[in-house]
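Here is the file coords_5.cif (mmCIF, C-alpha atoms).
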```cif
data_work
#
loop_
_atom_site.group_PDB
_atom_site.id
_atom_site.type_symbol
_atom_site.label_atom_id
_atom_site.label_comp_id
_atom_site.auth_asym_id
_atom_site.auth_seq_id
_atom_site.Cartn_x
_atom_site.Cartn_y
_atom_site.Cartn_z
ATOM 1 C CA MET O 1052 -10.795 79.195 15.310
ATOM 2 C CA SER O 1053 -12.016 82.465 13.815
ATOM 3 C CA THR O 1054 -15.477 83.898 14.453
ATOM 4 C CA VAL O 1055 -16.339 83.296 10.786
ATOM 5 C CA GLN O 1056 -15.389 79.614 11.067
ATOM 6 C CA GLN O 1057 -17.470 79.227 14.236
ATOM 7 C CA HIS O 1058 -20.519 80.718 12.544
ATOM 8 C CA THR O 1059 -20.201 78.460 9.485
ATOM 9 C CA ARG O 1060 -20.114 75.225 11.481
ATOM 10 C CA SER O 1061 -23.405 73.309 11.457
ATOM 11 C CA HIS O 1062 -25.070 71.827 14.520
ATOM 12 C CA LEU O 1063 -23.898 68.394 13.290
ATOM 13 C CA ASP O 1064 -20.305 69.655 13.314
ATOM 14 C CA TRP O 1065 -20.679 70.702 16.956
ATOM 15 C CA LEU O 1066 -22.282 67.407 17.957
ATOM 16 C CA GLU O 1067 -19.573 65.479 16.101
ATOM 17 C CA SER O 1068 -16.802 67.463 17.818
ATOM 18 C CA GLU O 1069 -18.306 66.836 21.256
ATOM 19 C CA ALA O 1070 -18.619 63.105 20.591
ATOM 20 C CA ILE O 1071 -15.044 62.825 19.286
ATOM 21 C CA PHE O 1072 -13.793 64.657 22.389
ATOM 22 C CA ILE O 1073 -15.672 62.186 24.616
ATOM 23 C CA LEU O 1074 -14.272 59.167 22.741
ATOM 24 C CA ARG O 1075 -10.733 60.497 23.083
ATOM 25 C CA GLU O 1076 -11.349 61.205 26.769
ATOM 26 C CA VAL O 1077 -12.335 57.558 27.254
ATOM 27 C CA ALA O 1078 -9.210 56.379 25.432
ATOM 28 C CA ALA O 1079 -6.992 58.665 27.520
ATOM 29 C CA GLU O 1080 -8.526 58.070 30.943
ATOM 30 C CA CYS O 1081 -9.858 54.499 30.962
ATOM 31 C CA GLU O 1082 -7.713 51.382 31.165
ATOM 32 C CA ARG O 1083 -9.883 48.821 29.336
ATOM 33 C CA PRO O 1084 -12.739 50.415 27.410
ATOM 34 C CA VAL O 1085 -15.009 48.679 24.909
ATOM 35 C CA LEU O 1086 -17.484 49.993 22.323
ATOM 36 C CA LEU O 1087 -20.913 48.334 22.240
ATOM 37 C CA PHE O 1088 -21.765 47.578 18.607
ATOM 38 C CA SER O 1089 -25.023 45.858 17.669
ATOM 39 C CA GLY O 1090 -25.287 46.852 14.003
ATOM 40 C CA GLY O 1091 -28.013 49.382 14.842
ATOM 41 C CA LYS O 1092 -28.049 52.924 13.496
ATOM 42 C CA ASP O 1093 -26.745 54.594 16.664
ATOM 43 C CA SER O 1094 -23.812 52.214 17.007
ATOM 44 C CA CYS O 1095 -23.039 52.698 13.294
ATOM 45 C CA VAL O 1096 -22.784 56.427 14.000
ATOM 46 C CA LEU O 1097 -20.450 55.640 16.918
ATOM 47 C CA LEU O 1098 -18.197 53.654 14.595
ATOM 48 C CA ARG O 1099 -17.918 56.571 12.183
ATOM 49 C CA LEU O 1100 -17.121 58.910 15.086
ATOM 50 C CA ALA O 1101 -14.462 56.457 16.297
ATOM 51 C CA GLU O 1102 -12.956 56.418 12.811
ATOM 52 C CA LYS O 1103 -12.718 60.207 12.866
ATOM 53 C CA ALA O 1104 -11.297 60.176 16.392
ATOM 54 C CA PHE O 1105 -8.593 57.527 15.905
ATOM 55 C CA ARG O 1106 -7.846 56.760 12.253
ATOM 56 C CA PRO O 1107 -5.433 56.022 10.640
ATOM 57 C CA GLY O 1108 -4.598 54.038 13.774
ATOM 58 C CA ARG O 1109 -6.658 51.154 15.127
ATOM 59 C CA PHE O 1110 -9.391 51.794 17.658
ATOM 60 C CA PRO O 1111 -8.017 51.787 21.222
ATOM 61 C CA PHE O 1112 -10.793 49.394 22.222
ATOM 62 C CA PRO O 1113 -12.522 46.276 20.852
ATOM 63 C CA LEU O 1114 -16.178 46.082 19.818
ATOM 64 C CA LEU O 1115 -18.668 44.074 21.887
ATOM 65 C CA HIS O 1116 -22.133 42.810 21.013
ATOM 66 C CA VAL O 1117 -24.419 41.133 23.522
ATOM 67 C CA ASP O 1118 -26.433 38.855 21.237
ATOM 68 C CA THR O 1119 -29.876 37.818 22.491
ATOM 69 C CA GLY O 1120 -30.080 35.013 19.934
ATOM 70 C CA HIS O 1121 -33.357 36.598 18.821
ATOM 71 C CA ASN O 1122 -31.911 39.342 16.646
ATOM 72 C CA PHE O 1123 -33.005 40.031 13.080
ATOM 73 C CA GLY O 1124 -30.763 38.127 10.669
ATOM 74 C CA GLU O 1125 -30.205 41.181 8.468
ATOM 75 C CA VAL O 1126 -28.734 43.055 11.449
ATOM 76 C CA ILE O 1127 -26.380 40.252 12.518
ATOM 77 C CA ASP O 1128 -25.100 39.838 8.944
ATOM 78 C CA PHE O 1129 -24.500 43.581 8.732
ATOM 79 C CA ARG O 1130 -22.739 43.611 12.128
ATOM 80 C CA ASP O 1131 -20.238 40.966 11.049
ATOM 81 C CA ALA O 1132 -19.610 42.561 7.652
ATOM 82 C CA ARG O 1133 -19.055 46.029 9.122
ATOM 83 C CA ALA O 1134 -16.630 44.802 11.793
ATOM 84 C CA ALA O 1135 -14.681 42.869 9.148
ATOM 85 C CA GLU O 1136 -14.622 45.907 6.866
ATOM 86 C CA LEU O 1137 -13.138 48.024 9.658
ATOM 87 C CA GLY O 1138 -10.639 45.330 10.607
ATOM 88 C CA GLU O 1139 -11.475 45.760 14.292
ATOM 89 C CA THR O 1140 -11.887 43.060 16.941
ATOM 90 C CA LEU O 1141 -15.518 42.075 17.535
ATOM 91 C CA ILE O 1142 -16.339 40.192 20.729
ATOM 92 C CA VAL O 1143 -19.746 38.499 20.826
ATOM 93 C CA ARG O 1144 -21.276 37.233 24.043
ATOM 94 C CA SER O 1145 -24.627 35.483 23.920
ATOM 95 C CA VAL O 1146 -27.648 35.389 26.185
ATOM 96 C CA GLU O 1147 -27.898 31.743 25.068
ATOM 97 C CA ASP O 1148 -24.651 31.050 26.936
ATOM 98 C CA SER O 1149 -25.968 32.791 30.046
ATOM 99 C CA ILE O 1150 -29.068 30.593 29.859
ATOM 100 C CA ALA O 1151 -26.856 27.507 29.574
ATOM 101 C CA ARG O 1152 -24.895 28.631 32.646
ATOM 102 C CA GLY O 1153 -28.102 29.201 34.576
ATOM 103 C CA SER O 1154 -27.427 32.887 35.193
ATOM 104 C CA VAL O 1155 -30.445 33.754 33.008
ATOM 105 C CA VAL O 1156 -33.710 31.887 33.531
ATOM 106 C CA LEU O 1157 -36.678 32.486 31.231
ATOM 107 C CA ARG O 1158 -40.180 31.063 31.589
ATOM 108 C CA ARG O 1159 -40.536 30.312 27.868
ATOM 109 C CA GLU O 1160 -38.143 30.052 24.938
ATOM 110 C CA THR O 1161 -40.103 32.802 23.168
ATOM 111 C CA ASP O 1162 -39.898 35.304 26.074
ATOM 112 C CA SER O 1163 -38.192 38.610 25.353
ATOM 113 C CA ARG O 1164 -34.473 38.435 26.052
ATOM 114 C CA ASN O 1165 -33.988 42.188 25.965
ATOM 115 C CA ALA O 1166 -33.709 42.653 29.742
ATOM 116 C CA ALA O 1167 -31.567 39.502 30.014
ATOM 117 C CA GLN O 1168 -28.826 41.284 28.061
ATOM 118 C CA ALA O 1169 -27.920 43.083 31.295
ATOM 119 C CA VAL O 1170 -26.781 39.803 32.878
ATOM 120 C CA THR O 1171 -24.692 38.808 29.855
ATOM 121 C CA LEU O 1172 -23.160 42.283 29.648
ATOM 122 C CA LEU O 1173 -22.150 42.202 33.324
ATOM 123 C CA GLU O 1174 -20.624 38.758 32.767
ATOM 124 C CA ALA O 1175 -18.626 40.108 29.800
ATOM 125 C CA ILE O 1176 -17.454 43.108 31.848
ATOM 126 C CA ALA O 1177 -16.226 40.748 34.570
ATOM 127 C CA GLU O 1178 -14.619 38.380 32.044
ATOM 128 C CA PHE O 1179 -12.558 41.059 30.291
ATOM 129 C CA GLY O 1180 -12.210 43.600 33.097
ATOM 130 C CA PHE O 1181 -13.796 46.418 31.086
ATOM 131 C CA ASP O 1182 -13.890 49.694 33.017
ATOM 132 C CA ALA O 1183 -15.833 51.687 30.408
ATOM 133 C CA CYS O 1184 -18.558 50.575 27.987
ATOM 134 C CA ILE O 1185 -19.235 53.075 25.203
ATOM 135 C CA GLY O 1186 -22.837 52.958 24.006
ATOM 136 C CA GLY O 1187 -25.136 54.746 21.586
ATOM 137 C CA ALA O 1188 -27.933 55.689 24.009
ATOM 138 C CA ARG O 1189 -29.467 59.145 23.609
ATOM 139 C CA ARG O 1190 -31.394 61.270 26.099
ATOM 140 C CA ASP O 1191 -34.337 61.775 23.739
ATOM 141 C CA GLU O 1192 -35.098 58.037 23.574
ATOM 142 C CA GLU O 1193 -36.898 57.610 26.869
ATOM 143 C CA LYS O 1194 -37.500 59.257 30.266
ATOM 144 C CA ALA O 1195 -34.902 57.174 32.119
ATOM 145 C CA ARG O 1196 -32.322 57.936 29.412
ATOM 146 C CA ALA O 1197 -32.902 61.642 30.031
ATOM 147 C CA LYS O 1198 -31.552 61.206 33.592
ATOM 148 C CA GLU O 1199 -28.310 59.742 32.296
ATOM 149 C CA ARG O 1200 -24.954 61.475 32.547
ATOM 150 C CA ILE O 1201 -22.555 61.200 29.603
ATOM 151 C CA PHE O 1202 -20.195 59.289 31.910
ATOM 152 C CA SER O 1203 -22.661 57.125 33.841
ATOM 153 C CA PHE O 1204 -21.164 55.554 36.962
ATOM 154 C CA ARG O 1205 -21.991 51.917 37.745
ATOM 155 C CA ASP O 1206 -21.108 50.333 41.094
ATOM 156 C CA GLU O 1207 -19.220 47.101 41.763
ATOM 157 C CA PHE O 1208 -22.396 45.134 40.999
ATOM 158 C CA GLY O 1209 -22.831 46.926 37.665
ATOM 159 C CA LEU O 1210 -25.919 48.737 38.934
ATOM 160 C CA TRP O 1211 -27.056 52.279 38.126
ATOM 161 C CA ASP O 1212 -28.263 54.655 40.812
ATOM 162 C CA PRO O 1213 -29.553 57.918 39.278
ATOM 163 C CA LYS O 1214 -29.016 59.650 42.647
ATOM 164 C CA ASN O 1215 -25.365 58.597 42.799
ATOM 165 C CA GLN O 1216 -23.953 60.213 39.667
ATOM 166 C CA ARG O 1217 -21.133 62.681 39.210
ATOM 167 C CA PRO O 1218 -21.482 66.320 38.146
ATOM 168 C CA GLU O 1219 -20.268 67.184 34.630
ATOM 169 C CA VAL O 1220 -19.822 70.932 34.976
ATOM 170 C CA TRP O 1221 -18.115 72.573 31.960
ATOM 171 C CA ASP O 1222 -17.786 69.131 30.318
ATOM 172 C CA LEU O 1223 -15.285 67.975 32.939
ATOM 173 C CA TYR O 1224 -15.644 64.225 33.451
ATOM 174 C CA ASN O 1225 -14.574 62.244 36.521
ATOM 175 C CA THR O 1226 -13.647 58.830 35.122
ATOM 176 C CA ARG O 1227 -12.046 57.355 38.235
ATOM 177 C CA VAL O 1228 -13.393 53.983 39.323
ATOM 178 C CA HIS O 1229 -12.305 51.345 41.807
ATOM 179 C CA ARG O 1230 -11.670 47.789 40.644
ATOM 180 C CA GLY O 1231 -14.971 46.160 39.734
ATOM 181 C CA GLU O 1232 -16.743 49.454 39.106
ATOM 182 C CA ASN O 1233 -17.247 50.777 35.586
ATOM 183 C CA MET O 1234 -18.530 53.613 33.470
ATOM 184 C CA ARG O 1235 -21.133 53.541 30.726
ATOM 185 C CA VAL O 1236 -20.224 56.325 28.314
ATOM 186 C CA PHE O 1237 -22.684 57.884 25.853
ATOM 187 C CA PRO O 1238 -20.930 60.154 23.306
ATOM 188 C CA ILE O 1239 -24.146 60.878 21.372
ATOM 189 C CA SER O 1240 -26.265 61.475 24.459
ATOM 190 C CA ASN O 1241 -27.115 65.008 23.296
ATOM 191 C CA TRP O 1242 -28.168 63.910 19.791
ATOM 192 C CA THR O 1243 -31.768 63.404 18.697
ATOM 193 C CA GLU O 1244 -33.133 60.764 16.345
ATOM 194 C CA LEU O 1245 -33.301 63.472 13.673
ATOM 195 C CA ASP O 1246 -29.644 64.397 14.276
ATOM 196 C CA VAL O 1247 -28.666 60.748 13.848
ATOM 197 C CA TRP O 1248 -30.457 60.431 10.511
ATOM 198 C CA GLN O 1249 -29.069 63.727 9.252
ATOM 199 C CA TYR O 1250 -25.572 62.522 10.164
ATOM 200 C CA ILE O 1251 -26.177 59.173 8.454
ATOM 201 C CA GLU O 1252 -27.207 61.088 5.327
ATOM 202 C CA ARG O 1253 -24.250 63.472 5.509
ATOM 203 C CA GLU O 1254 -21.705 60.699 6.061
ATOM 204 C CA GLN O 1255 -23.451 58.271 3.672
ATOM 205 C CA LEU O 1256 -23.355 55.497 6.272
ATOM 206 C CA ALA O 1257 -24.539 52.017 5.353
ATOM 207 C CA LEU O 1258 -27.224 50.491 7.595
ATOM 208 C CA PRO O 1259 -29.089 47.186 7.802
ATOM 209 C CA SER O 1260 -31.788 47.053 5.136
ATOM 210 C CA ILE O 1261 -34.661 46.789 7.636
ATOM 211 C CA TYR O 1262 -34.250 50.473 8.545
ATOM 212 C CA TYR O 1263 -35.734 51.283 5.124
ATOM 213 C CA ALA O 1264 -39.239 50.637 3.785
ATOM 214 C CA HIS O 1265 -39.961 47.044 2.781
ATOM 215 C CA ARG O 1266 -42.947 44.690 2.721
ATOM 216 C CA ARG O 1267 -43.501 42.562 5.818
ATOM 217 C CA ASP O 1268 -46.296 40.475 7.377
ATOM 218 C CA VAL O 1269 -47.531 42.103 10.579
ATOM 219 C CA VAL O 1270 -50.466 42.007 12.983
ATOM 220 C CA ARG O 1271 -51.920 44.932 14.919
ATOM 221 C CA ARG O 1272 -51.523 44.492 18.674
ATOM 222 C CA ASN O 1273 -51.867 47.085 21.458
ATOM 223 C CA GLY O 1274 -51.434 49.926 19.002
ATOM 224 C CA LEU O 1275 -48.250 48.458 17.503
ATOM 225 C CA LEU O 1276 -47.416 46.582 14.310
ATOM 226 C CA VAL O 1277 -45.973 43.276 15.465
ATOM 227 C CA PRO O 1278 -43.875 41.404 12.869
ATOM 228 C CA VAL O 1279 -45.039 37.868 12.167
ATOM 229 C CA THR O 1280 -42.122 35.566 13.030
ATOM 230 C CA ARG O 1281 -41.499 32.233 14.711
ATOM 231 C CA LEU O 1282 -41.099 34.093 17.990
ATOM 232 C CA THR O 1283 -44.075 36.410 17.454
ATOM 233 C CA PRO O 1284 -46.776 34.385 15.676
ATOM 234 C CA PRO O 1285 -50.275 35.791 15.200
ATOM 235 C CA ARG O 1286 -52.700 35.169 18.041
ATOM 236 C CA ASP O 1287 -56.206 33.820 17.696
ATOM 237 C CA GLY O 1288 -58.422 36.394 16.013
ATOM 238 C CA GLU O 1289 -55.531 38.523 14.694
ATOM 239 C CA GLN O 1290 -55.466 39.264 10.976
ATOM 240 C CA VAL O 1291 -52.118 39.119 9.179
ATOM 241 C CA GLU O 1292 -51.476 42.087 6.894
ATOM 242 C CA ASN O 1293 -48.639 42.614 4.431
ATOM 243 C CA LEU O 1294 -47.660 46.266 4.801
ATOM 244 C CA SER O 1295 -44.882 48.618 3.789
ATOM 245 C CA VAL O 1296 -42.926 49.151 7.004
ATOM 246 C CA ARG O 1297 -39.519 50.104 8.347
ATOM 247 C CA PHE O 1298 -37.806 49.752 11.711
ATOM 248 C CA ARG O 1299 -36.888 52.916 13.623
ATOM 249 C CA THR O 1300 -34.815 50.891 16.078
ATOM 250 C CA VAL O 1301 -33.630 47.270 16.043
ATOM 251 C CA GLY O 1302 -33.303 44.780 18.867
ATOM 252 C CA ASP O 1303 -34.788 41.544 20.158
ATOM 253 C CA ILE O 1304 -37.409 40.274 17.694
ATOM 254 C CA SER O 1305 -39.811 39.501 20.521
ATOM 255 C CA CYS O 1306 -40.170 43.153 21.546
ATOM 256 C CA THR O 1307 -39.231 45.267 18.500
ATOM 257 C CA CYS O 1308 -41.896 46.476 16.090
ATOM 258 C CA PRO O 1309 -41.768 48.302 12.760
ATOM 259 C CA VAL O 1310 -43.804 51.364 11.821
ATOM 260 C CA ALA O 1311 -45.878 51.852 8.683
ATOM 261 C CA SER O 1312 -43.712 53.755 6.211
ATOM 262 C CA ASP O 1313 -42.880 54.231 2.553
ATOM 263 C CA ALA O 1314 -39.568 55.947 3.371
ATOM 264 C CA ALA O 1315 -37.004 54.053 1.304
ATOM 265 C CA ASP O 1316 -34.031 56.407 1.586
ATOM 266 C CA ASN O 1317 -32.371 58.717 4.105
ATOM 267 C CA ALA O 1318 -33.991 61.896 2.808
ATOM 268 C CA ALA O 1319 -37.482 60.417 3.136
ATOM 269 C CA ILE O 1320 -36.729 59.127 6.641
ATOM 270 C CA ILE O 1321 -35.433 62.561 7.692
ATOM 271 C CA ALA O 1322 -38.647 64.167 6.455
ATOM 272 C CA GLU O 1323 -40.715 61.536 8.275
ATOM 273 C CA THR O 1324 -38.726 61.865 11.498
ATOM 274 C CA ALA O 1325 -38.984 65.662 11.501
ATOM 275 C CA ILE O 1326 -42.780 65.521 11.916
ATOM 276 C CA SER O 1327 -42.970 62.501 14.246
ATOM 277 C CA ASP O 1328 -44.483 63.276 17.656
ATOM 278 C CA ILE O 1329 -43.553 59.991 19.349
ATOM 279 C CA THR O 1330 -40.104 58.667 20.226
ATOM 280 C CA GLU O 1331 -38.721 55.662 18.395
ATOM 281 C CA ARG O 1332 -38.916 53.457 21.511
ATOM 282 C CA GLY O 1333 -42.458 54.606 22.244
ATOM 283 C CA ALA O 1334 -43.478 53.709 18.706
ATOM 284 C CA THR O 1335 -41.678 50.385 18.418
ATOM 285 C CA ARG O 1336 -40.762 48.711 21.718
ATOM 286 C CA MET O 1337 -43.289 46.403 23.381
ATOM 287 C CA ASP O 1338 -41.158 45.988 26.514
ATOM 288 C CA ASP O 1339 -41.196 49.739 27.220
ATOM 289 C CA GLN O 1340 -44.994 49.851 27.156
ATOM 290 C CA THR O 1341 -45.500 47.573 30.163
ATOM 291 C CA SER O 1342 -44.760 50.476 32.521
ATOM 292 C CA GLU O 1343 -43.330 53.991 32.388
ATOM 293 C CA ALA O 1344 -40.606 52.691 34.707
ATOM 294 C CA SER O 1345 -39.644 49.697 32.529
ATOM 295 C CA MET O 1346 -36.421 51.203 31.166
ATOM 296 C CA GLU O 1347 -35.348 52.666 34.499
ATOM 297 C CA ARG O 1348 -35.838 49.318 36.216
ATOM 298 C CA ARG O 1349 -33.698 47.552 33.603
ATOM 299 C CA LYS O 1350 -31.008 50.227 33.828
ATOM 300 C CA ARG O 1351 -30.841 49.886 37.615
ATOM 301 C CA GLU O 1352 -30.248 46.154 37.059
ATOM 302 C CA GLY O 1353 -27.285 46.746 34.729
ATOM 303 C CA TYR O 1354 -28.879 47.403 31.326
ATOM 304 C CA PHE O 1355 -27.078 49.660 28.808
#
```

Rewrite the structure of this file - the entire thing - as structure tokens.
Amino acid sequence: MSTVQQHTRSHLDWLESEAIFILREVAAECERPVLLFSGGKDSCVLLRLAEKAFRPGRFPFPLLHVDTGHNFGEVIDFRDARAAELGETLIVRSVEDSIARGSVVLRRETDSRNAAQAVTLLEAIAEFGFDACIGGARRDEEKARAKERIFSFRDEFGLWDPKNQRPEVWDLYNTRVHRGENMRVFPISNWTELDVWQYIEREQLALPSIYYAHRRDVVRRNGLLVPVTRLTPPRDGEQVENLSVRFRTVGDISCTCPVASDAADNAAIIAETAISDITERGATRMDDQTSEASMERRKREGYF
């Protein structure tokens, strides 16, 4: 590549190239990888990167979604449509099934199932023998994410120990695992939320509609806008408001909140994101506000 070509490449080009290299490294080095696809914006970016890495051939791995059973309907519909459009295999494993087996026990039906996904994921890894799970986590999301390697080693119990990770000097990745161990791989680890939205705009990627401004009934609770649903009804004394909102991240209904916004297209969201001084999880996830160590604790237990 000439010096002129190097200087004309944008930062998105460099991030894209790094991610494609990582995806191809997984395909070359791992025996049974899988790509985690929820229908969220980060996993939609991963799908586009996989297309660029492997088309016109099929992906060298299936797609997997761990469904809490409490996901937003718009996201599940989009997930199924996108997988069908790509013609790739989508495996769905449900927290509901883990509850039926007794491997997940919740106090109430309305409890958040976000953390319980770790159990269902580990069961899916054991069922299919996956040795690498490709996910859309990014270091800018949360403090525990910032400790994560791109190739994150998990032991034979599927657990993460931040002190037992492998060096990645000069982007050299040690992918070797013993039977039962696995890697979690994060090709967009070095991206920011702004990078993701700029890439979505550049590539004209379709997303679930709830990422864009729409009217929704919410209540104000602990500094967050909590959507009014069957799982998250208003409490005594709370006033229901119908506001223009959008979701910065999507997940379990019981712990995912929208933010007030009139941003109805990618350009408006990019402008909004550029001046935001709080991460998307900090602004929208109730489960991460219980403690600064909430995410790290879940990751140590096998979370994504």

For O:Asn1293, work out the shell of residues within 10 Å, counting all atoms listed in the file and skipping chain neighbours fewer than 3 positions away, then give it as a VMD selection string.
chain O and resid 1265 to 1270 1278 to 1279 1296

For the provided coordinates, the residues matched by the PyMOL selection byres ((chain O and resi 1255-1259) around 12) should be stated as a ChimeraX atom specification.
/O:1089-1100,1123-1133,1136,1247-1254,1260-1265,1297-1301,1316-1318

Quick one: apply the PyMOL selection byres ((chain O and resi 1284) around 12) to the file and drop the selected residues here as a PyMOL selection string.
chain O and resi 1161+1268-1272+1277-1283+1285-1291+1304-1305

Could you dump the residues just selected with C-alpha atoms as a compact mmCIF listing (two decimals), in the coordinates of the input?
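Full text of again02.txt as output:
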```txt
# COMPACT_ATOMS: atom_id res chain seq x y z
CA THR O 1161 -40.10 32.80 23.17
CA ASP O 1268 -46.30 40.48 7.38
CA VAL O 1269 -47.53 42.10 10.58
CA VAL O 1270 -50.47 42.01 12.98
CA ARG O 1271 -51.92 44.93 14.92
CA ARG O 1272 -51.52 44.49 18.67
CA VAL O 1277 -45.97 43.28 15.46
CA PRO O 1278 -43.88 41.40 12.87
CA VAL O 1279 -45.04 37.87 12.17
CA THR O 1280 -42.12 35.57 13.03
CA ARG O 1281 -41.50 32.23 14.71
CA LEU O 1282 -41.10 34.09 17.99
CA THR O 1283 -44.08 36.41 17.45
CA PRO O 1285 -50.28 35.79 15.20
CA ARG O 1286 -52.70 35.17 18.04
CA ASP O 1287 -56.21 33.82 17.70
CA GLY O 1288 -58.42 36.39 16.01
CA GLU O 1289 -55.53 38.52 14.69
CA GLN O 1290 -55.47 39.26 10.98
CA VAL O 1291 -52.12 39.12 9.18
CA ILE O 1304 -37.41 40.27 17.69
CA SER O 1305 -39.81 39.50 20.52
```

For the PyMOL selection byres ((chain O and resi 1154) around 12), applied here, can you spell out every residue it catches as a PDB file with C-alpha atoms, in the coordinates of the input?
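Result file part_18.pdb:
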```pdb
ATOM      1  CA  SER O1145     -24.627  35.483  23.920  1.00  0.00           C
ATOM      2  CA  VAL O1146     -27.648  35.389  26.185  1.00  0.00           C
ATOM      3  CA  GLU O1147     -27.898  31.743  25.068  1.00  0.00           C
ATOM      4  CA  ASP O1148     -24.651  31.050  26.936  1.00  0.00           C
ATOM      5  CA  SER O1149     -25.968  32.791  30.046  1.00  0.00           C
ATOM      6  CA  ILE O1150     -29.068  30.593  29.859  1.00  0.00           C
ATOM      7  CA  ALA O1151     -26.856  27.507  29.574  1.00  0.00           C
ATOM      8  CA  ARG O1152     -24.895  28.631  32.646  1.00  0.00           C
ATOM      9  CA  GLY O1153     -28.102  29.201  34.576  1.00  0.00           C
ATOM     10  CA  VAL O1155     -30.445  33.754  33.008  1.00  0.00           C
ATOM     11  CA  VAL O1156     -33.710  31.887  33.531  1.00  0.00           C
ATOM     12  CA  LEU O1157     -36.678  32.486  31.231  1.00  0.00           C
ATOM     13  CA  ALA O1167     -31.567  39.502  30.014  1.00  0.00           C
ATOM     14  CA  GLN O1168     -28.826  41.284  28.061  1.00  0.00           C
ATOM     15  CA  ALA O1169     -27.920  43.083  31.295  1.00  0.00           C
ATOM     16  CA  VAL O1170     -26.781  39.803  32.878  1.00  0.00           C
ATOM     17  CA  THR O1171     -24.692  38.808  29.855  1.00  0.00           C
ATOM     18  CA  LEU O1172     -23.160  42.283  29.648  1.00  0.00           C
ATOM     19  CA  LEU O1173     -22.150  42.202  33.324  1.00  0.00           C
ATOM     20  CA  GLU O1174     -20.624  38.758  32.767  1.00  0.00           C
TER      21      GLU O1174
END
```

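Atom CA of O:Ile1239 lies 27.4 Å from atom CA of O:Leu1275.
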
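Ranking O:Val1077, O:Met1234, O:Ile1071, O:Val1117 by their shortest atom-to-atom distance to O:Asn1165, with all atoms listed in the file included, puts O:Val1117 first.
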
What gap, in Å, lies between atom CA of O:Ala1319 and atom CA of O:Asn1241?
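Atom CA of O:Ala1319 sits 23.1 Å away from atom CA of O:Asn1241.
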
Would you mind listing what lies within 6 Å of O:Ser1203 as an MDAnalysis selection string, with all atoms listed in the file counted and same-chain residues fewer than 2 positions away left out?
chainID O and resid 1200:1201 1234:1235

Take the point (-8.3, 56.1, 32.8) as written in the file and pick out every residue within 10 Å of it, counting all atoms listed in the file; give the list as a ChimeraX atom specification.
/O:1076-1084,1182-1183,1225-1228

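Rounded to one decimal, atom CA of O:Arg1230 and atom CA of O:Ile1185 lie 18.0 Å from each other.
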